[in-house]
>>> print(open('start07.tsv').read())   # TSV, C-alpha atoms
chain	number	residue	atom	x	y	z
A	215	MET	CA	-106.81	-51.20	79.79
A	216	THR	CA	-103.14	-52.25	80.02
A	217	GLN	CA	-101.99	-54.50	77.16
A	218	HIS	CA	-99.48	-57.20	78.09
A	219	PRO	CA	-97.51	-59.40	75.68
A	220	ALA	CA	-98.62	-63.02	75.30
A	221	GLY	CA	-96.60	-66.21	75.54
A	222	PRO	CA	-92.86	-66.11	76.30
A	223	ASP	CA	-92.64	-62.36	75.65
A	224	ARG	CA	-94.72	-61.90	78.80
A	225	ARG	CA	-91.57	-62.81	80.78
A	226	ARG	CA	-89.19	-60.67	78.71
A	227	GLY	CA	-88.42	-57.00	78.12
A	228	PRO	CA	-88.57	-53.97	80.41
A	229	PHE	CA	-90.90	-53.90	83.41
A	230	ARG	CA	-94.47	-52.82	82.68
A	231	ALA	CA	-97.29	-51.43	84.80
A	232	GLY	CA	-99.67	-54.23	85.77
A	233	GLU	CA	-97.07	-56.94	86.26
A	234	ARG	CA	-95.34	-58.21	89.37
A	235	VAL	CA	-91.78	-57.51	90.41
A	236	GLN	CA	-89.61	-59.13	93.06
A	237	LEU	CA	-87.40	-56.72	94.95
A	238	THR	CA	-84.42	-58.02	96.94
A	239	ASP	CA	-82.57	-55.92	99.52
A	240	VAL	CA	-78.94	-56.21	100.67
A	241	LYS	CA	-79.98	-58.60	103.44
A	242	GLY	CA	-81.45	-61.01	100.89
A	243	ARG	CA	-85.06	-60.31	101.87
A	244	LYS	CA	-87.48	-60.64	98.94
A	245	TYR	CA	-90.63	-58.60	98.41
A	246	THR	CA	-93.14	-59.29	95.63
A	247	THR	CA	-95.41	-56.45	94.55
A	248	MET	CA	-97.61	-55.46	91.61
A	249	LEU	CA	-96.29	-52.52	89.60
A	250	THR	CA	-98.73	-49.65	89.08
A	251	VAL	CA	-98.27	-46.15	87.72
A	252	ASP	CA	-99.34	-44.70	91.07
A	253	GLY	CA	-97.73	-47.34	93.31
A	254	TYR	CA	-95.16	-46.84	96.07
A	255	PHE	CA	-92.95	-49.51	97.66
A	256	GLN	CA	-91.68	-49.11	101.23
A	257	SER	CA	-89.66	-51.36	103.52
A	258	ALA	CA	-87.01	-51.03	106.22
A	259	ARG	CA	-84.36	-51.51	103.52
A	260	GLY	CA	-85.54	-48.97	100.97
A	261	ARG	CA	-88.47	-47.19	99.43
A	262	LEU	CA	-89.24	-45.98	95.93
A	263	ARG	CA	-92.02	-45.21	93.50
A	264	HIS	CA	-93.09	-47.92	91.06
A	265	THR	CA	-92.39	-45.49	88.21
A	266	ASP	CA	-88.69	-45.78	89.14
A	267	ILE	CA	-88.93	-49.46	88.10
A	268	ILE	CA	-91.38	-49.36	85.18
A	269	GLY	CA	-89.44	-49.19	81.91
A	270	ARG	CA	-86.21	-50.58	83.37
A	271	ASP	CA	-84.68	-53.87	82.30
A	272	GLU	CA	-85.08	-56.92	84.48
A	273	GLY	CA	-82.04	-57.40	86.70
A	274	SER	CA	-81.60	-53.68	87.36
A	275	VAL	CA	-80.16	-52.53	90.70
A	276	ILE	CA	-81.96	-49.38	91.79
A	277	ASP	CA	-80.50	-46.75	94.13
A	278	THR	CA	-83.27	-45.31	96.28
A	279	ASP	CA	-83.47	-41.72	97.52
A	280	ASP	CA	-82.91	-42.89	101.10
A	281	GLY	CA	-79.52	-44.47	100.31
A	282	HIS	CA	-80.53	-48.11	99.87
A	283	ARG	CA	-80.15	-50.46	96.90
A	284	LEU	CA	-82.78	-52.88	95.59
A	285	LEU	CA	-82.49	-55.58	92.93
A	286	ALA	CA	-85.51	-55.86	90.61
A	287	LEU	CA	-86.36	-59.18	88.93
A	288	ARG	CA	-89.47	-60.92	87.73
A	289	PRO	CA	-90.32	-63.67	90.23
A	290	LEU	CA	-89.77	-67.28	89.20
A	291	ILE	CA	-92.71	-69.67	89.37
A	292	SER	CA	-91.38	-70.96	92.72
A	293	ASP	CA	-91.45	-67.41	94.10
A	294	TYR	CA	-94.92	-66.78	92.70
A	295	VAL	CA	-96.42	-69.93	94.23
A	296	LEU	CA	-95.26	-68.94	97.71
A	297	SER	CA	-96.50	-65.35	97.42
A	298	MET	CA	-99.79	-65.72	95.50
A	299	PRO	CA	-103.18	-65.45	97.25
A	300	ARG	CA	-104.38	-68.86	98.38
A	301	GLY	CA	-107.25	-70.55	100.12
A	302	ALA	CA	-105.86	-74.07	100.29
A	303	THR	CA	-102.26	-74.83	101.27
A	304	PRO	CA	-100.30	-74.98	98.00
A	305	ILE	CA	-98.19	-77.85	96.78
A	306	TYR	CA	-94.64	-76.62	97.35
A	307	PRO	CA	-92.43	-75.98	94.30
A	308	LYS	CA	-90.11	-78.82	95.29
A	309	ASP	CA	-93.02	-81.28	95.24
A	310	ALA	CA	-94.50	-79.87	92.02
A	311	ALA	CA	-91.13	-80.32	90.30
A	312	GLN	CA	-90.93	-83.91	91.51
A	313	ILE	CA	-94.49	-84.65	90.36
A	314	VAL	CA	-93.77	-83.37	86.85
A	315	SER	CA	-90.60	-85.48	86.76
A	316	ILE	CA	-91.54	-88.81	88.36
A	317	ALA	CA	-95.01	-88.87	86.79
A	318	ASP	CA	-93.40	-88.07	83.41
A	319	ILE	CA	-95.72	-85.21	82.48
A	320	PHE	CA	-94.75	-84.79	78.83
A	321	PRO	CA	-95.71	-82.23	76.14
A	322	GLY	CA	-99.10	-83.23	74.76
A	323	ALA	CA	-100.09	-85.29	77.82
A	324	ARG	CA	-103.73	-85.66	78.88
A	325	VAL	CA	-103.76	-85.10	82.64
A	326	VAL	CA	-106.48	-85.22	85.29
A	327	GLU	CA	-105.76	-83.35	88.54
A	328	ALA	CA	-107.83	-83.33	91.75
A	329	GLY	CA	-108.07	-81.21	93.86
A	330	LEU	CA	-107.08	-77.97	92.30
A	331	GLY	CA	-106.52	-76.10	95.58
A	332	SER	CA	-104.91	-72.72	94.89
A	333	GLY	CA	-103.58	-73.72	91.47
A	334	ALA	CA	-99.94	-74.25	92.46
A	335	LEU	CA	-99.57	-77.65	90.79
A	336	ALA	CA	-101.69	-76.63	87.80
A	337	LEU	CA	-99.14	-73.91	86.97
A	338	SER	CA	-96.38	-76.50	86.54
A	339	LEU	CA	-98.61	-79.06	84.81
A	340	LEU	CA	-99.74	-76.55	82.19
A	341	ALA	CA	-96.13	-75.60	81.47
A	342	ALA	CA	-95.22	-79.28	81.05
A	343	ILE	CA	-98.12	-80.34	78.77
A	344	GLY	CA	-97.84	-77.28	76.54
A	345	PRO	CA	-100.35	-76.20	73.88
A	346	SER	CA	-100.79	-79.73	72.50
A	347	GLY	CA	-101.83	-81.31	75.82
A	348	HIS	CA	-104.87	-80.93	78.05
A	349	LEU	CA	-105.28	-80.55	81.80
A	350	THR	CA	-108.57	-81.34	83.54
A	351	SER	CA	-108.65	-79.96	87.07
A	352	VAL	CA	-111.35	-80.91	89.57
A	353	GLU	CA	-112.07	-79.01	92.78
A	354	ARG	CA	-114.96	-79.59	95.19
A	355	ARG	CA	-115.03	-76.01	96.51
A	356	GLU	CA	-116.13	-73.27	94.15
A	357	ASP	CA	-114.33	-70.55	96.14
A	358	PHE	CA	-111.02	-72.43	95.92
A	359	ALA	CA	-111.55	-72.96	92.18
A	360	THR	CA	-112.15	-69.22	91.74
A	361	ILE	CA	-108.88	-68.39	93.51
A	362	ALA	CA	-106.95	-71.05	91.57
A	363	MET	CA	-108.24	-69.90	88.16
A	364	ALA	CA	-107.33	-66.30	89.00
A	365	ASN	CA	-103.81	-67.36	90.04
A	366	VAL	CA	-103.26	-69.31	86.83
A	367	GLU	CA	-104.67	-66.52	84.66
A	368	SER	CA	-102.47	-63.99	86.45
A	369	TRP	CA	-99.35	-66.05	85.65
A	370	TYR	CA	-100.16	-67.01	82.06
A	371	GLY	CA	-102.29	-64.09	80.93
A	372	ASP	CA	-104.32	-64.88	77.81
A	373	ASP	CA	-101.98	-67.67	76.69
A	374	ILE	CA	-103.07	-70.53	78.99
A	375	PRO	CA	-102.49	-74.04	77.57
A	376	PRO	CA	-105.67	-76.16	77.12
A	377	TRP	CA	-107.31	-76.36	80.54
A	378	THR	CA	-110.74	-77.33	81.84
A	379	VAL	CA	-111.85	-76.75	85.44
A	380	HIS	CA	-114.75	-78.67	87.00
A	381	VAL	CA	-116.31	-77.84	90.37
A	382	GLY	CA	-117.61	-81.07	91.86
A	383	ASP	CA	-116.65	-84.66	92.56
A	384	LEU	CA	-113.82	-86.36	90.66
A	385	ASN	CA	-115.73	-89.63	90.22
A	386	ASP	CA	-118.59	-87.74	88.54
A	387	VAL	CA	-116.15	-86.02	86.18
A	388	MET	CA	-114.40	-89.27	85.25
A	389	GLU	CA	-117.75	-90.92	84.44
A	390	ASP	CA	-117.96	-88.70	81.36
A	391	MET	CA	-114.45	-89.65	80.15
A	392	GLU	CA	-113.71	-92.41	77.68
A	393	ASP	CA	-111.93	-95.57	78.77
A	394	GLY	CA	-108.15	-95.31	78.47
A	395	SER	CA	-108.28	-91.66	77.40
A	396	VAL	CA	-105.97	-90.23	80.11
A	397	ASP	CA	-102.19	-90.44	80.54
A	398	HIS	CA	-101.98	-89.28	84.17
A	399	VAL	CA	-104.28	-89.08	87.18
A	400	LEU	CA	-102.91	-86.91	90.01
A	401	LEU	CA	-104.70	-86.92	93.36
A	402	ASP	CA	-104.12	-84.24	95.99
A	403	MET	CA	-106.90	-85.08	98.42
A	404	LEU	CA	-107.69	-86.52	101.82
A	405	ALA	CA	-108.81	-89.98	100.64
A	406	PRO	CA	-107.35	-90.69	97.17
A	407	TRP	CA	-108.26	-94.40	97.40
A	408	GLU	CA	-111.92	-93.44	96.94
A	409	ASN	CA	-111.22	-92.63	93.28
A	410	LEU	CA	-109.34	-95.76	92.22
A	411	ASP	CA	-112.22	-97.34	90.28
A	412	GLY	CA	-112.60	-94.31	88.04
A	413	ALA	CA	-108.84	-93.90	87.66
A	414	MET	CA	-108.46	-97.55	86.59
A	415	ARG	CA	-111.03	-97.05	83.85
A	416	VAL	CA	-109.84	-93.74	82.36
A	417	LEU	CA	-106.09	-94.43	82.54
A	418	ARG	CA	-104.48	-95.94	79.45
A	419	PRO	CA	-102.24	-99.01	79.86
A	420	GLY	CA	-98.92	-97.76	81.22
A	421	GLY	CA	-100.54	-94.56	82.48
A	422	VAL	CA	-99.46	-93.05	85.78
A	423	ILE	CA	-101.46	-92.54	88.95
A	424	LEU	CA	-99.93	-90.34	91.66
A	425	ALA	CA	-101.21	-89.37	95.08
A	426	TYR	CA	-99.92	-86.50	97.21
A	427	VAL	CA	-100.70	-87.17	100.88
A	428	ALA	CA	-99.59	-85.67	104.18
A	429	THR	CA	-99.42	-88.63	106.60
A	430	THR	CA	-97.93	-92.12	106.71
A	431	THR	CA	-101.38	-93.59	107.40
A	432	GLN	CA	-102.77	-92.08	104.20
A	433	MET	CA	-99.72	-93.26	102.28
A	434	SER	CA	-99.96	-96.81	103.62
A	435	ARG	CA	-103.68	-97.11	102.98
A	436	PHE	CA	-103.41	-95.79	99.43
A	437	VAL	CA	-100.65	-98.29	98.60
A	438	GLU	CA	-102.61	-101.21	100.08
A	439	GLU	CA	-105.74	-100.19	98.20
A	440	LEU	CA	-103.70	-99.96	94.99
A	441	ARG	CA	-102.43	-103.50	95.49
A	442	THR	CA	-105.85	-104.97	96.12
A	443	THR	CA	-107.04	-103.77	92.69
A	444	TYR	CA	-104.47	-106.00	90.93
A	445	THR	CA	-104.47	-103.29	88.24
A	446	PHE	CA	-101.41	-101.23	89.16
A	447	THR	CA	-97.71	-102.03	89.30
A	448	GLU	CA	-94.36	-100.37	90.04
A	449	VAL	CA	-95.65	-98.76	93.25
A	450	GLU	CA	-93.15	-96.35	94.79
A	451	ALA	CA	-93.35	-93.78	97.59
A	452	SER	CA	-91.03	-90.89	98.39
A	453	GLU	CA	-90.70	-87.48	99.98
A	454	THR	CA	-88.51	-84.58	98.90
A	455	VAL	CA	-86.30	-82.65	101.29
A	456	VAL	CA	-84.51	-79.48	100.14
A	457	ARG	CA	-81.54	-78.12	102.07
A	458	THR	CA	-79.84	-74.93	100.91
A	459	TRP	CA	-76.18	-74.15	101.64
A	460	HIS	CA	-74.33	-71.11	102.89
A	461	LEU	CA	-71.53	-70.20	100.46
A	462	GLU	CA	-68.90	-67.64	101.39
A	463	GLY	CA	-65.35	-68.39	100.31
A	464	LEU	CA	-64.24	-71.44	102.26
A	465	ALA	CA	-67.11	-71.05	104.74
A	466	VAL	CA	-69.31	-73.68	103.12
A	467	ARG	CA	-71.94	-75.29	105.32
A	468	PRO	CA	-75.62	-76.29	105.28
A	469	ASP	CA	-78.07	-73.55	106.18
A	470	HIS	CA	-79.68	-73.89	109.60
A	471	ARG	CA	-83.14	-73.89	108.04
A	472	MET	CA	-84.48	-76.29	105.44
A	473	VAL	CA	-87.72	-77.20	103.68
A	474	ALA	CA	-88.25	-80.69	105.02
A	475	HIS	CA	-91.45	-82.75	105.02
A	476	THR	CA	-94.41	-81.28	103.19
A	477	GLY	CA	-96.00	-84.41	101.75
A	478	PHE	CA	-95.50	-87.94	100.42
A	479	LEU	CA	-95.68	-88.87	96.75
A	480	VAL	CA	-97.02	-92.31	95.83
A	481	VAL	CA	-96.75	-93.28	92.17
A	482	ALA	CA	-97.85	-96.39	90.25
A	483	ARG	CA	-98.40	-97.57	86.66
A	484	ARG	CA	-101.56	-98.93	85.03
A	485	LEU	CA	-101.31	-102.54	83.86
A	486	ALA	CA	-102.62	-103.70	80.50
A	487	PRO	CA	-106.05	-105.38	80.54
A	488	LEU	CA	-105.98	-109.08	81.51
A	489	SER	CA	-102.49	-108.72	82.98
A	490	GLU	CA	-101.70	-109.33	86.64
A	491	PRO	CA	-98.97	-107.61	88.67
A	492	LEU	CA	-95.73	-109.38	89.44
A	493	LEU	CA	-95.84	-110.53	93.07
A	494	GLU	CA	-92.80	-110.36	95.32
A	495	LYS	CA	-91.60	-113.76	96.52
A	496	ARG	CA	-90.25	-112.53	99.84
A	497	ARG	CA	-92.51	-112.59	102.88
A	498	PRO	CA	-93.63	-109.31	104.47
A	499	ALA	CA	-92.34	-108.43	107.91
A	500	LYS	CA	-94.13	-110.22	110.77
A	501	LEU	CA	-95.94	-107.16	112.07
A	502	ALA	CA	-96.53	-105.47	108.70
A	503	TYR	CA	-100.19	-106.46	108.70
A	504	SER	CA	-102.18	-106.42	111.94
A	505	ASP	CA	-105.61	-107.87	112.56
A	506	THR	CA	-107.03	-104.34	112.38
A	507	MET	CA	-105.28	-101.82	110.14
A	508	PRO	CA	-105.26	-98.26	111.55
A	509	TRP	CA	-107.78	-96.96	109.00
A	510	ASN	CA	-110.26	-99.65	110.06
A	511	ASP	CA	-109.86	-98.93	113.79
A	512	GLU	CA	-112.99	-97.03	114.84
A	513	THR	CA	-111.35	-95.94	118.11
A	514	LEU	CA	-108.91	-93.69	116.25
A	515	ALA	CA	-109.88	-90.19	115.21
A	516	PRO	CA	-110.46	-89.87	111.47
A	517	ILE	CA	-108.18	-87.72	109.32
A	518	GLN	CA	-109.76	-84.33	108.78
A	519	GLU	CA	-109.07	-81.51	106.36
A	520	HIS	CA	-107.80	-78.19	107.68
A	521	GLU	CA	-110.55	-75.60	107.27
A	522	ILE	CA	-109.75	-72.04	106.24
A	523	SER	CA	-111.64	-69.38	108.20
A	524	PRO	CA	-114.38	-67.48	106.32
A	525	LYS	CA	-112.67	-64.20	107.23
A	526	LYS	CA	-109.38	-65.26	105.66
A	527	LEU	CA	-111.16	-66.60	102.60
A	528	ARG	CA	-112.95	-63.30	102.06
A	529	LYS	CA	-109.63	-61.47	102.28
A	530	VAL	CA	-108.03	-63.81	99.72
A	531	LEU	CA	-110.91	-63.26	97.30
A	532	ARG	CA	-110.56	-59.48	97.75
A	533	ASP	CA	-106.81	-59.70	97.10
A	534	VAL	CA	-107.41	-61.70	93.92
A	535	LYS	CA	-109.95	-59.15	92.66
A	536	GLN	CA	-107.63	-56.22	93.43
A	537	ARG	CA	-104.69	-57.94	91.69
A	538	THR	CA	-106.79	-58.52	88.57
A	539	HIS	CA	-107.75	-54.84	88.55
A	540	MET	CA	-104.10	-53.74	88.78
A	541	GLU	CA	-103.06	-56.13	85.99
A	542	GLN	CA	-105.79	-54.86	83.70
A	543	THR	CA	-105.39	-51.13	84.38
A	544	GLY	CA	-101.81	-50.70	85.59
A	545	SER	CA	-103.23	-48.62	88.43
A	546	SER	CA	-104.08	-49.32	92.07
A	547	HIS	CA	-106.85	-46.68	92.03
A	548	VAL	CA	-110.46	-47.82	92.44
A	549	SER	CA	-113.26	-45.29	92.02
A	550	THR	CA	-115.47	-44.49	95.01
A	551	GLU	CA	-118.46	-45.99	93.20
A	552	GLY	CA	-116.78	-49.40	93.38
A	553	THR	CA	-115.95	-49.61	89.66
A	554	PRO	CA	-112.32	-49.63	88.49
A	555	GLY	CA	-110.94	-46.21	87.78
A	556	SER	CA	-109.52	-45.53	84.36
>>> encode(input="start07.tsv", output="structure tokens")
Amino acid sequence: MTQHPAGPDRRRGPFRAGERVQLTDVKGRKYTTMLTVDGYFQSARGRLRHTDIIGRDEGSVIDTDDGHRLLALRPLISDYVLSMPRGATPIYPKDAAQIVSIADIFPGARVVEAGLGSGALALSLLAAIGPSGHLTSVERREDFATIAMANVESWYGDDIPPWTVHVGDLNDVMEDMEDGSVDHVLLDMLAPWENLDGAMRVLRPGGVILAYVATTTQMSRFVEELRTTYTFTEVEASETVVRTWHLEGLAVRPDHRMVAHTGFLVVARRLAPLSEPLLEKRRPAKLAYSDTMPWNDETLAPIQEHEISPKKLRKVLRDVKQRTHMEQTGSSHVSTEGTPGS
């Protein structure tokens, strides 16, 4: 069994068997792989044995036998999120960073998150709340929860901040929570407005509710449902667009590719009991509210979740199991009987 350091030391020191490395070639292509004592890396821009990396310091540039050079670094959390096995589409690092910031996820915060998906947001939330906080994650699908827990455990090892995972419905989970016991409720789901009653009860005065939605219809409906509760204030909506730049001497220009729309963030604050929100004095635009809002129009197709194929899901679960084996043993070998080799 391979022993890995806990806490911050997990990210420091020479490379070890059973941990991941990110290799970058001269063209800037990045490859993430798990280091094993019997592993071998091969690409069009270089190939080498994992033992040529194990024991070296992070940031080493390695000359391969075939005349190529590869830079070895531990992946950042943004790299890990985009390369980890996943069932559900992950929340992109740019959105996770915004959620932690605009929702003010502070050390010691008590946070409720639904749904868990592949664990991408949970990774950032756990880092923000630290050992004195607590994250409650809710996921309806047990297979997704299994993948997410494995991804979080792979990143944190045995030093995961306080975290509870429930498989089921968010409203059922919130029924067992005390009134005003939560600082943040974060909703990454198809119909976040269905959980407003429970969120109103468990959020403390001044607490933050945030929804991550994909379409303008979802965003609009969530905001209107928030307003009809007369319990939330300071409603704001935004999206985050990231554009990288090409930098080469005086040749400075935006890159041709960018990470544009991935989702909308809607954030609001919980009012104190017996208080009513401040109402704007200006009139809404003439056509802002129609006789039939889109979500009440039965002629329109309902919003549906994207389903992952069973075949892909089985592959993801196999990948997660194999990664866990490599982390624990430092070897990619599995015995023919189906039990991990020593």
>>> closest_residue(input="start07.tsv", among="A:Gly420, A:Pro468, A:Gly382, A:Gly269", to="A:Val399", atoms="only C-alpha atoms")
A:Gly420
>>> atom_distance(input="start07.tsv", atom1="atom CA of A:Tyr426", atom2="atom CA of A:Val456")
17.2 Å
>>> closest_residue(input="start07.tsv", among="A:Leu479, A:Val449, A:Val455, A:Gly463", to="A:Thr429", atoms="only C-alpha atoms")
A:Leu479
>>> residues_near_point(input="start07.tsv", point="(-114.8, -78.2, 85.2)", cutoff="12 Å", atoms="only C-alpha atoms", output="mmCIF file with C-alpha atoms, in the frame of the given file")
data_model
loop_
_atom_site.group_PDB
_atom_site.id
_atom_site.type_symbol
_atom_site.label_atom_id
_atom_site.label_comp_id
_atom_site.auth_asym_id
_atom_site.auth_seq_id
_atom_site.Cartn_x
_atom_site.Cartn_y
_atom_site.Cartn_z
ATOM 1 C CA VAL A 326 -106.480 -85.220 85.290
ATOM 2 C CA GLU A 327 -105.760 -83.350 88.540
ATOM 3 C CA ALA A 328 -107.830 -83.330 91.750
ATOM 4 C CA GLY A 329 -108.070 -81.210 93.860
ATOM 5 C CA LEU A 330 -107.080 -77.970 92.300
ATOM 6 C CA LEU A 349 -105.280 -80.550 81.800
ATOM 7 C CA THR A 350 -108.570 -81.340 83.540
ATOM 8 C CA SER A 351 -108.650 -79.960 87.070
ATOM 9 C CA VAL A 352 -111.350 -80.910 89.570
ATOM 10 C CA GLU A 353 -112.070 -79.010 92.780
ATOM 11 C CA ARG A 354 -114.960 -79.590 95.190
ATOM 12 C CA ARG A 355 -115.030 -76.010 96.510
ATOM 13 C CA GLU A 356 -116.130 -73.270 94.150
ATOM 14 C CA ALA A 359 -111.550 -72.960 92.180
ATOM 15 C CA THR A 360 -112.150 -69.220 91.740
ATOM 16 C CA MET A 363 -108.240 -69.900 88.160
ATOM 17 C CA TRP A 377 -107.310 -76.360 80.540
ATOM 18 C CA THR A 378 -110.740 -77.330 81.840
ATOM 19 C CA VAL A 379 -111.850 -76.750 85.440
ATOM 20 C CA HIS A 380 -114.750 -78.670 87.000
ATOM 21 C CA VAL A 381 -116.310 -77.840 90.370
ATOM 22 C CA GLY A 382 -117.610 -81.070 91.860
ATOM 23 C CA ASP A 383 -116.650 -84.660 92.560
ATOM 24 C CA LEU A 384 -113.820 -86.360 90.660
ATOM 25 C CA ASP A 386 -118.590 -87.740 88.540
ATOM 26 C CA VAL A 387 -116.150 -86.020 86.180
ATOM 27 C CA MET A 388 -114.400 -89.270 85.250
ATOM 28 C CA ASP A 390 -117.960 -88.700 81.360
#
>>> atom_distance(input="start07.tsv", atom1="atom CA of A:Val481", atom2="atom CA of A:Leu424")
4.4 Å
>>> closest_residue(input="start07.tsv", among="A:Thr447, A:Ser257, A:Thr303, A:Thr278", to="A:Thr476", atoms="only C-alpha atoms")
A:Thr303
>>> closest_residue(input="start07.tsv", among="A:Leu296, A:Val240, A:Met248, A:Met472", to="A:His282", atoms="only C-alpha atoms")
A:Val240
>>> atom_distance(input="start07.tsv", atom1="atom CA of A:Phe229", atom2="atom CA of A:His547")
19.5 Å
>>> closest_residue(input="start07.tsv", among="A:Arg324, A:Arg441, A:Arg467, A:Lys244", to="A:Val422", atoms="all atoms listed in the file")
A:Arg324
>>> residues_around(input="start07.tsv", residues="A:Lys308", least_positions_apart="5", cutoff="12 Å", atoms="all atoms listed in the file", output="PyMOL selection string")
chain A and resi 291-293+295-296+313-315+334-335+338+453-457+472-479
>>> closest_residue(input="start07.tsv", among="A:Glu389, A:Asp357, A:Glu272, A:Glu367", to="A:Arg528", atoms="all atoms listed in the file")
A:Asp357
>>> residues_near_point(input="start07.tsv", point="(-103.6, -101.2, 99.0)", cutoff="12 Å", atoms="only C-alpha atoms", output="PyMOL selection string")
chain A and resi 406-408+410+431-447+449+480+482+503+507+509
